[in-house]
$ cat entry_11.pdb   # PDB, C-alpha atoms and all ligand atoms
ATOM      1  CA  MET A   1     125.322-194.542  12.621
ATOM      2  CA  GLY A   2     127.242-192.846   9.887
ATOM      3  CA  LEU A   3     130.027-190.433   9.118
ATOM      4  CA  GLU A   4     128.911-188.050  11.880
ATOM      5  CA  ASN A   5     129.767-190.641  14.523
ATOM      6  CA  LYS A   6     133.312-190.964  13.263
ATOM      7  CA  LEU A   7     134.028-187.217  13.055
ATOM      8  CA  PRO A   8     135.585-185.328  15.974
ATOM      9  CA  GLU A   9     133.450-182.943  18.022
ATOM     10  CA  GLY A  10     132.767-179.590  16.348
ATOM     11  CA  VAL A  11     132.599-180.910  12.779
ATOM     12  CA  ILE A  12     129.244-180.815  11.011
ATOM     13  CA  THR A  13     128.155-182.224   7.665
ATOM     14  CA  THR A  14     125.509-180.994   5.228
ATOM     15  CA  GLN A  15     124.500-181.072   1.592
ATOM     16  CA  LEU A  16     126.093-178.550  -0.774
ATOM     17  CA  GLU A  17     122.641-177.507  -2.008
ATOM     18  CA  ALA A  18     121.456-176.788   1.542
ATOM     19  CA  LEU A  19     124.614-174.800   2.262
ATOM     20  CA  VAL A  20     124.203-172.666  -0.876
ATOM     21  CA  ASN A  21     120.523-172.049  -0.120
ATOM     22  CA  TRP A  22     121.339-171.134   3.479
ATOM     23  CA  SER A  23     123.929-168.579   2.352
ATOM     24  CA  ARG A  24     121.514-167.078  -0.202
ATOM     25  CA  GLN A  25     118.739-166.883   2.389
ATOM     26  CA  ASN A  26     121.002-164.857   4.661
ATOM     27  CA  SER A  27     122.619-162.516   2.151
ATOM     28  CA  THR A  28     119.923-161.392  -0.283
ATOM     29  CA  TRP A  29     120.970-157.913  -1.392
ATOM     30  CA  PRO A  30     118.216-155.602  -2.696
ATOM     31  CA  LEU A  31     118.655-153.144  -5.526
ATOM     32  CA  LEU A  32     118.703-149.529  -4.361
ATOM     33  CA  PHE A  33     115.724-147.864  -6.001
ATOM     34  CA  GLY A  34     112.160-146.844  -5.232
ATOM     35  CA  LEU A  35     109.248-145.674  -7.347
ATOM     36  CA  ALA A  36     106.701-143.925  -5.115
ATOM     37  CA  CYS A  37     105.272-143.677  -1.594
ATOM     38  CA  CYS A  38     105.919-147.366  -0.828
ATOM     39  CA  ALA A  39     109.636-146.645  -1.151
ATOM     40  CA  ILE A  40     109.492-144.647   2.085
ATOM     41  CA  GLU A  41     108.265-147.740   3.926
ATOM     42  CA  MET A  42     111.015-149.787   2.268
ATOM     43  CA  ILE A  43     113.572-147.251   3.492
ATOM     44  CA  ALA A  44     112.057-147.428   6.984
ATOM     45  CA  ALA A  45     112.565-151.206   6.928
ATOM     46  CA  GLY A  46     116.303-150.506   6.824
ATOM     47  CA  THR A  47     116.307-148.538  10.078
ATOM     48  CA  SER A  48     117.413-149.997  13.391
ATOM     49  CA  ARG A  49     113.801-150.117  14.625
ATOM     50  CA  HIS A  50     112.895-152.740  12.018
ATOM     51  CA  ASP A  51     116.342-154.262  11.475
ATOM     52  CA  ILE A  52     116.298-155.740   7.975
ATOM     53  CA  ALA A  53     119.919-156.679   8.732
ATOM     54  CA  ARG A  54     118.638-159.753  10.559
ATOM     55  CA  TYR A  55     118.209-161.274   7.071
ATOM     56  CA  GLY A  56     121.515-159.933   5.750
ATOM     57  CA  SER A  57     119.542-157.621   3.430
ATOM     58  CA  GLU A  58     120.669-154.236   4.723
ATOM     59  CA  LEU A  59     123.116-153.855   1.839
ATOM     60  CA  PHE A  60     120.995-152.024  -0.724
ATOM     61  CA  ARG A  61     123.218-152.064  -3.806
ATOM     62  CA  ALA A  62     123.516-149.158  -6.217
ATOM     63  CA  SER A  63     124.378-151.452  -9.130
ATOM     64  CA  PRO A  64     122.061-154.179 -10.472
ATOM     65  CA  ARG A  65     125.125-156.350 -11.031
ATOM     66  CA  GLN A  66     125.649-156.573  -7.267
ATOM     67  CA  ALA A  67     121.995-157.124  -6.339
ATOM     68  CA  ASP A  68     119.891-160.277  -6.418
ATOM     69  CA  LEU A  69     116.603-158.882  -5.115
ATOM     70  CA  MET A  70     114.437-156.225  -6.766
ATOM     71  CA  ILE A  71     111.851-154.672  -4.449
ATOM     72  CA  VAL A  72     109.373-152.863  -6.701
ATOM     73  CA  SER A  73     108.083-150.273  -4.245
ATOM     74  CA  GLY A  74     105.507-148.083  -5.923
ATOM     75  CA  ARG A  75     103.423-147.681  -9.039
ATOM     76  CA  VAL A  76     105.042-148.602 -12.344
ATOM     77  CA  SER A  77     104.434-145.977 -14.985
ATOM     78  CA  ASN A  78     104.675-146.634 -18.707
ATOM     79  CA  LYS A  79     107.744-144.450 -18.774
ATOM     80  CA  MET A  80     109.547-146.415 -16.051
ATOM     81  CA  ALA A  81     108.606-149.901 -17.315
ATOM     82  CA  PRO A  82     111.450-150.219 -19.868
ATOM     83  CA  VAL A  83     113.941-148.982 -17.248
ATOM     84  CA  ILE A  84     112.755-151.546 -14.676
ATOM     85  CA  LYS A  85     112.951-154.303 -17.274
ATOM     86  CA  ARG A  86     116.475-153.300 -18.204
ATOM     87  CA  LEU A  87     117.615-153.181 -14.556
ATOM     88  CA  HIS A  88     116.091-156.623 -13.981
ATOM     89  CA  ASP A  89     117.901-157.990 -17.031
ATOM     90  CA  GLN A  90     121.186-156.600 -15.704
ATOM     91  CA  MET A  91     120.864-158.357 -12.326
ATOM     92  CA  SER A  92     122.829-161.578 -11.999
ATOM     93  CA  GLU A  93     121.132-164.988 -11.625
ATOM     94  CA  PRO A  94     119.613-166.253  -9.447
ATOM     95  CA  LYS A  95     117.469-163.199  -8.769
ATOM     96  CA  TRP A  96     114.150-162.570  -7.063
ATOM     97  CA  VAL A  97     111.440-159.903  -7.168
ATOM     98  CA  ILE A  98     109.096-158.601  -4.462
ATOM     99  CA  ALA A  99     106.112-156.496  -5.609
ATOM    100  CA  MET A 100     105.610-154.155  -2.648
ATOM    101  CA  GLY A 101     102.148-152.623  -2.321
ATOM    102  CA  ILE A 102      98.968-152.855  -4.322
ATOM    103  CA  CYS A 103     100.274-150.504  -7.027
ATOM    104  CA  ALA A 104     103.277-152.694  -7.876
ATOM    105  CA  SER A 105     101.137-155.822  -7.512
ATOM    106  CA  ALA A 106      98.093-154.789  -9.546
ATOM    107  CA  GLY A 107      98.044-151.065 -10.361
ATOM    108  CA  GLY A 108      96.250-150.053  -7.170
ATOM    109  CA  PRO A 109      94.003-147.009  -7.387
ATOM    110  CA  PHE A 110      95.657-145.932 -10.646
ATOM    111  CA  ASN A 111      93.529-147.763 -13.151
ATOM    112  CA  ASN A 112      94.506-145.527 -16.040
ATOM    113  CA  TYR A 113      96.523-145.405 -19.223
ATOM    114  CA  ALA A 114      99.724-144.177 -17.536
ATOM    115  CA  ILE A 115     100.235-147.018 -15.043
ATOM    116  CA  ILE A 116     101.118-150.671 -15.676
ATOM    117  CA  GLN A 117      98.517-152.836 -13.908
ATOM    118  CA  GLY A 118     101.070-154.936 -12.028
ATOM    119  CA  VAL A 119     104.817-155.223 -12.509
ATOM    120  CA  ASP A 120     104.368-158.938 -13.288
ATOM    121  CA  LYS A 121     103.297-157.787 -16.754
ATOM    122  CA  ILE A 122     106.979-157.096 -17.495
ATOM    123  CA  ILE A 123     109.078-159.171 -15.032
ATOM    124  CA  PRO A 124     108.408-162.340 -12.962
ATOM    125  CA  VAL A 125     107.375-161.726  -9.336
ATOM    126  CA  ASP A 126     108.162-164.100  -6.445
ATOM    127  CA  VAL A 127     106.273-162.466  -3.561
ATOM    128  CA  TYR A 128     103.390-159.962  -3.572
ATOM    129  CA  VAL A 129     102.873-157.653  -0.591
ATOM    130  CA  PRO A 130      99.342-156.278  -0.141
ATOM    131  CA  GLY A 131      98.638-152.875   1.374
ATOM    132  CA  CYS A 132      98.704-149.178   0.552
ATOM    133  CA  PRO A 133     101.316-148.679   1.742
ATOM    134  CA  PRO A 134     102.444-151.924   3.382
ATOM    135  CA  ARG A 135     104.287-151.322   6.645
ATOM    136  CA  PRO A 136     107.941-152.280   6.987
ATOM    137  CA  GLU A 137     106.813-155.365   8.947
ATOM    138  CA  SER A 138     104.943-156.517   5.825
ATOM    139  CA  LEU A 139     108.113-156.230   3.792
ATOM    140  CA  LEU A 140     110.002-158.228   6.410
ATOM    141  CA  TYR A 141     107.261-160.890   6.237
ATOM    142  CA  ALA A 142     107.688-160.933   2.450
ATOM    143  CA  LEU A 143     111.403-161.535   2.990
ATOM    144  CA  GLU A 144     110.450-164.460   5.258
ATOM    145  CA  LYS A 145     108.295-165.935   2.476
ATOM    146  CA  LEU A 146     111.111-165.379  -0.011
ATOM    147  CA  ARG A 147     113.521-167.196   2.309
ATOM    148  CA  GLU A 148     111.102-170.149   2.381
ATOM    149  CA  LYS A 149     111.143-170.185  -1.403
ATOM    150  CA  GLN A 150     114.929-169.881  -1.577
ATOM    151  CA  GLY A 151     115.245-172.821   0.840
ATOM    152  CA  LYS A 152     113.403-175.076  -1.634
ATOM    153  CA  GLU A 153     115.434-174.137  -4.716
ATOM    154  CA  THR A 154     117.666-176.752  -6.279
ATOM    155  CA  PHE A 155     120.606-176.846  -8.690
ATOM    156  CA  ARG A 156     118.351-178.663 -11.133
ATOM    157  CA  LEU A 157     115.906-175.735 -11.070
ATOM    158  CA  TYR A 158     118.729-173.278 -11.841
ATOM    159  CA  ARG A 159     119.894-175.495 -14.701
ATOM    160  CA  GLU A 160     116.380-175.551 -16.148
ATOM    161  CA  MET A 161     116.130-171.776 -15.775
ATOM    162  CA  ASP A 162     119.468-171.394 -17.594
ATOM    163  CA  MET A 163     118.171-173.506 -20.459
ATOM    164  CA  LYS A 164     115.019-171.411 -20.692
ATOM    165  CA  ALA A 165     116.846-168.097 -20.314
ATOM    166  CA  ALA A 166     116.379-165.465 -22.970
ATOM    167  CA  PRO A 167     119.333-165.286 -25.381
ATOM    168  CA  ALA A 168     120.448-161.792 -24.399
ATOM    169  CA  PRO A 169     118.821-158.709 -22.946
ATOM    170  CA  VAL A 170     117.396-156.651 -25.788
ATOM    171  CA  GLU A 171     117.567-152.919 -26.048
ATOM    172  CA  ILE A 172     114.164-151.646 -25.020
ATOM    173  CA  GLU A 173     113.383-148.183 -26.208
ATOM    174  CA  SER A 174     109.682-147.948 -25.446
ATOM    175  CA  LEU A 175     106.773-149.690 -23.783
ATOM    176  CA  GLU A 176     105.391-150.622 -27.200
ATOM    177  CA  VAL A 177     108.602-152.520 -27.953
ATOM    178  CA  LEU A 178     108.412-154.218 -24.559
ATOM    179  CA  ARG A 179     104.809-155.272 -25.128
ATOM    180  CA  ALA A 180     105.599-156.553 -28.598
ATOM    181  CA  GLY A 181     108.477-158.588 -27.096
ATOM    182  CA  LYS A 182     111.035-157.584 -29.701
ATOM    183  CA  PRO A 183     113.704-154.904 -30.073
ATOM    184  CA  ALA A 184     113.128-151.797 -32.172
TER     185      ALA A 184
HETATM  186  S1  LIG B   1     100.386-148.814  -2.868
HETATM  187 FE1  LIG B   1      99.719-146.859  -1.948
HETATM  188  S2  LIG B   1     101.547-146.162  -0.866
HETATM  189 FE2  LIG B   1     102.249-147.696  -2.347
HETATM  190  S3  LIG B   1     102.802-146.579  -4.212
HETATM  191 FE3  LIG B   1     100.643-147.177  -4.386
HETATM  192  S4  LIG B   1      99.488-145.401  -3.639
HETATM  193 FE4  LIG B   1     101.597-145.180  -2.898
END

$ encode --input "entry_11.pdb" --output "structure tokens"
Amino acid sequence: MGLENKLPEGVITTQLEALVNWSRQNSTWPLLFGLACCAIEMIAAGTSRHDIARYGSELFRASPRQADLMIVSGRVSNKMAPVIKRLHDQMSEPKWVIAMGICASAGGPFNNYAIIQGVDKIIPVDVYVPGCPPRPESLLYALEKLREKQGKETFRLYREMDMKAAPAPVEIESLEVLRAGKPA
């Protein structure tokens, strides 16, 4: 008993929050960039054989302002870290990050001074994908896990994130500045 019983056939009801989450789950647009060998597997995920379009994520965007998913596919060097941070800052909220492969997740075999030991040292990560390199199916599974997470997000969570948000993206000129957490 309820409103549904009084509505004509073909009309459905839902909660606004569920509708917004559903639309985000089915139109998560990744940022178009890759860092190393894992990027080739990410590119393969976009082919018809793997069909990333089933999640509405085939639109790899060339501008961070049009993307809400960053797939970090490859090792993160000291030189690239400030660039990745800046791109992440430029993406609109809400935004998500997938660390693809063991290099992006934890440095992988490159335990040396030139490579950041996990991209979560500079930006928050939502899903980690193990493997070297992970196959496109692993990336699609990561998208599944991300969709689960997106389905649980609430307006209250976004409001809290807004309140905690950094004042404004700072100009990052070097890794030292990034590590110190303040502009030059
Ligand atoms: S995880 Fe393996 S395949 Fe991926 S960037 Fe590192 S070395 Fe290359």

$ residues_around --input "entry_11.pdb" --residues "Tyr113 (chain A)" --least-positions-apart "3" --cutoff "10 Å" --atoms "only C-alpha atoms" --output "NGL selection string"
:A and (77-78 or 110 or 116-117)

$ closest_residue --input "entry_11.pdb" --among "A:Lys121, A:Arg75, A:Lys145, A:Lys95" --to "ligand LIG 1 (chain B)" --atoms "all atoms listed in the file"
A:Arg75

$ atom_distance --input "entry_11.pdb" --atom1 "CA of Thr47 (chain A)" --atom2 "CA of Tyr128 (chain A)"
22.0 Å

$ residues_near_ligand --input "entry_11.pdb" --ligand "ligand LIG 1 (chain B)" --cutoff "12 Å" --atoms "all atoms listed in the file" --output "PyMOL selection string"
chain A and resi 34-42+72-77+99-111+115-118+128-136

$ residues_around --input "entry_11.pdb" --residues "Ile52 (chain A)" --least-positions-apart "3" --cutoff "10 Å" --atoms "all atoms listed in the file" --output "list in words"
Met42, Ile43, Ala44, Ala45, Gly46, Thr47, Ser48, Arg49, Tyr55, Gly56, Ser57, Glu58, Leu59, Pro136, Glu137, Leu139, Leu140 and Leu143 of chain A

$ write_last_selection --input "entry_11.pdb" --atoms "C-alpha atoms" --output "CSV table (one decimal), keeping the file's coordinate frame"
chain,number,residue,atom,x,y,z
A,42,MET,CA,111.0,-149.8,2.3
A,43,ILE,CA,113.6,-147.3,3.5
A,44,ALA,CA,112.1,-147.4,7.0
A,45,ALA,CA,112.6,-151.2,6.9
A,46,GLY,CA,116.3,-150.5,6.8
A,47,THR,CA,116.3,-148.5,10.1
A,48,SER,CA,117.4,-150.0,13.4
A,49,ARG,CA,113.8,-150.1,14.6
A,55,TYR,CA,118.2,-161.3,7.1
A,56,GLY,CA,121.5,-159.9,5.8
A,57,SER,CA,119.5,-157.6,3.4
A,58,GLU,CA,120.7,-154.2,4.7
A,59,LEU,CA,123.1,-153.9,1.8
A,136,PRO,CA,107.9,-152.3,7.0
A,137,GLU,CA,106.8,-155.4,8.9
A,139,LEU,CA,108.1,-156.2,3.8
A,140,LEU,CA,110.0,-158.2,6.4
A,143,LEU,CA,111.4,-161.5,3.0

$ residues_around --input "entry_11.pdb" --residues "Ala18 (chain A)" --least-positions-apart "5" --cutoff "12 Å" --atoms "only C-alpha atoms" --output "list in words"
Thr13, Ser23, Arg24, Gln25, Gln150, Gly151, Lys152, Glu153, Thr154 and Phe155 of chain A

$ resolve_selection --input "entry_11.pdb" --expression "the PyMOL selection byres (((chain A and resi 67) around 6) and not hetatm)" --output "ChimeraX atom specification"
/A:29-31,61,64-66,68-69

$ write_last_selection --input "entry_11.pdb" --atoms "C-alpha atoms" --output "PDB file, keeping the file's coordinate frame"
ATOM      1  CA  TRP A  29     120.970-157.913  -1.392  1.00  0.00           C
ATOM      2  CA  PRO A  30     118.216-155.602  -2.696  1.00  0.00           C
ATOM      3  CA  LEU A  31     118.655-153.144  -5.526  1.00  0.00           C
ATOM      4  CA  ARG A  61     123.218-152.064  -3.806  1.00  0.00           C
ATOM      5  CA  PRO A  64     122.061-154.179 -10.472  1.00  0.00           C
ATOM      6  CA  ARG A  65     125.125-156.350 -11.031  1.00  0.00           C
ATOM      7  CA  GLN A  66     125.649-156.573  -7.267  1.00  0.00           C
ATOM      8  CA  ASP A  68     119.891-160.277  -6.418  1.00  0.00           C
ATOM      9  CA  LEU A  69     116.603-158.882  -5.115  1.00  0.00           C
TER      10      LEU A  69
END

$ closest_residue --input "entry_11.pdb" --among "A:Lys85, A:Arg156, A:Lys149, A:His50" --to "Ile122 (chain A)" --atoms "all atoms listed in the file"
A:Lys85

$ atom_distance --input "entry_11.pdb" --atom1 "CA of Arg159 (chain A)" --atom2 "CA of Thr28 (chain A)"
20.2 Å

$ atom_distance --input "entry_11.pdb" --atom1 "CA of Glu4 (chain A)" --atom2 "CA of Leu19 (chain A)"
16.9 Å

$ decode --input "entry_11.pdb" --residues "region 5-26 of chain A" --atoms "N, CA and C atoms" --output "tab-separated table (two decimals), in the first residue's frame"
chain	number	residue	atom	x	y	z
A	5	ASN	N	0.70	2.23	-5.61
A	5	ASN	CA	-0.58	1.62	-5.97
A	5	ASN	C	-1.53	2.60	-6.64
A	6	LYS	N	-1.31	3.89	-6.39
A	6	LYS	CA	-2.22	4.88	-6.95
A	6	LYS	C	-1.73	5.41	-8.31
A	7	LEU	N	-0.46	5.14	-8.63
A	7	LEU	CA	0.10	5.65	-9.88
A	7	LEU	C	-0.29	4.77	-11.06
A	8	PRO	N	-0.42	5.36	-12.25
A	8	PRO	CA	-0.74	4.54	-13.43
A	8	PRO	C	0.42	3.63	-13.79
A	9	GLU	N	0.18	2.64	-14.60
A	9	GLU	CA	1.21	1.69	-15.02
A	9	GLU	C	2.32	2.41	-15.77
A	10	GLY	N	3.56	2.02	-15.53
A	10	GLY	CA	4.68	2.63	-16.25
A	10	GLY	C	5.34	3.76	-15.49
A	11	VAL	N	4.83	4.11	-14.32
A	11	VAL	CA	5.44	5.17	-13.51
A	11	VAL	C	6.16	4.52	-12.33
A	12	ILE	N	7.43	4.87	-12.14
A	12	ILE	CA	8.16	4.31	-11.01
A	12	ILE	C	8.58	5.44	-10.07
A	13	THR	N	8.81	5.08	-8.82
A	13	THR	CA	9.27	6.07	-7.84
A	13	THR	C	10.62	5.61	-7.29
A	14	THR	N	11.41	6.56	-6.80
A	14	THR	CA	12.69	6.23	-6.19
A	14	THR	C	13.12	7.38	-5.30
A	15	GLN	N	14.27	7.22	-4.66
A	15	GLN	CA	14.82	8.31	-3.87
A	15	GLN	C	15.80	9.08	-4.75
A	16	LEU	N	15.86	10.41	-4.54
A	16	LEU	CA	16.76	11.24	-5.34
A	16	LEU	C	18.21	10.76	-5.21
A	17	GLU	N	18.60	10.40	-3.98
A	17	GLU	CA	19.96	9.95	-3.72
A	17	GLU	C	20.28	8.70	-4.54
A	18	ALA	N	19.33	7.77	-4.57
A	18	ALA	CA	19.54	6.52	-5.33
A	18	ALA	C	19.64	6.83	-6.82
A	19	LEU	N	18.84	7.77	-7.29
A	19	LEU	CA	18.86	8.12	-8.71
A	19	LEU	C	20.20	8.75	-9.10
A	20	VAL	N	20.70	9.65	-8.24
A	20	VAL	CA	21.98	10.30	-8.51
A	20	VAL	C	23.11	9.28	-8.50
A	21	ASN	N	23.09	8.39	-7.50
A	21	ASN	CA	24.13	7.35	-7.43
A	21	ASN	C	24.07	6.44	-8.65
A	22	TRP	N	22.88	6.07	-9.06
A	22	TRP	CA	22.71	5.20	-10.23
A	22	TRP	C	23.30	5.86	-11.47
A	23	SER	N	23.05	7.16	-11.64
A	23	SER	CA	23.56	7.85	-12.83
A	23	SER	C	25.08	7.96	-12.77
A	24	ARG	N	25.63	8.17	-11.56
A	24	ARG	CA	27.10	8.25	-11.44
A	24	ARG	C	27.73	6.88	-11.68
A	25	GLN	N	27.08	5.84	-11.20
A	25	GLN	CA	27.62	4.49	-11.40
A	25	GLN	C	27.70	4.12	-12.88
A	26	ASN	N	26.83	4.71	-13.68
A	26	ASN	CA	26.77	4.33	-15.09
A	26	ASN	C	27.33	5.38	-16.04
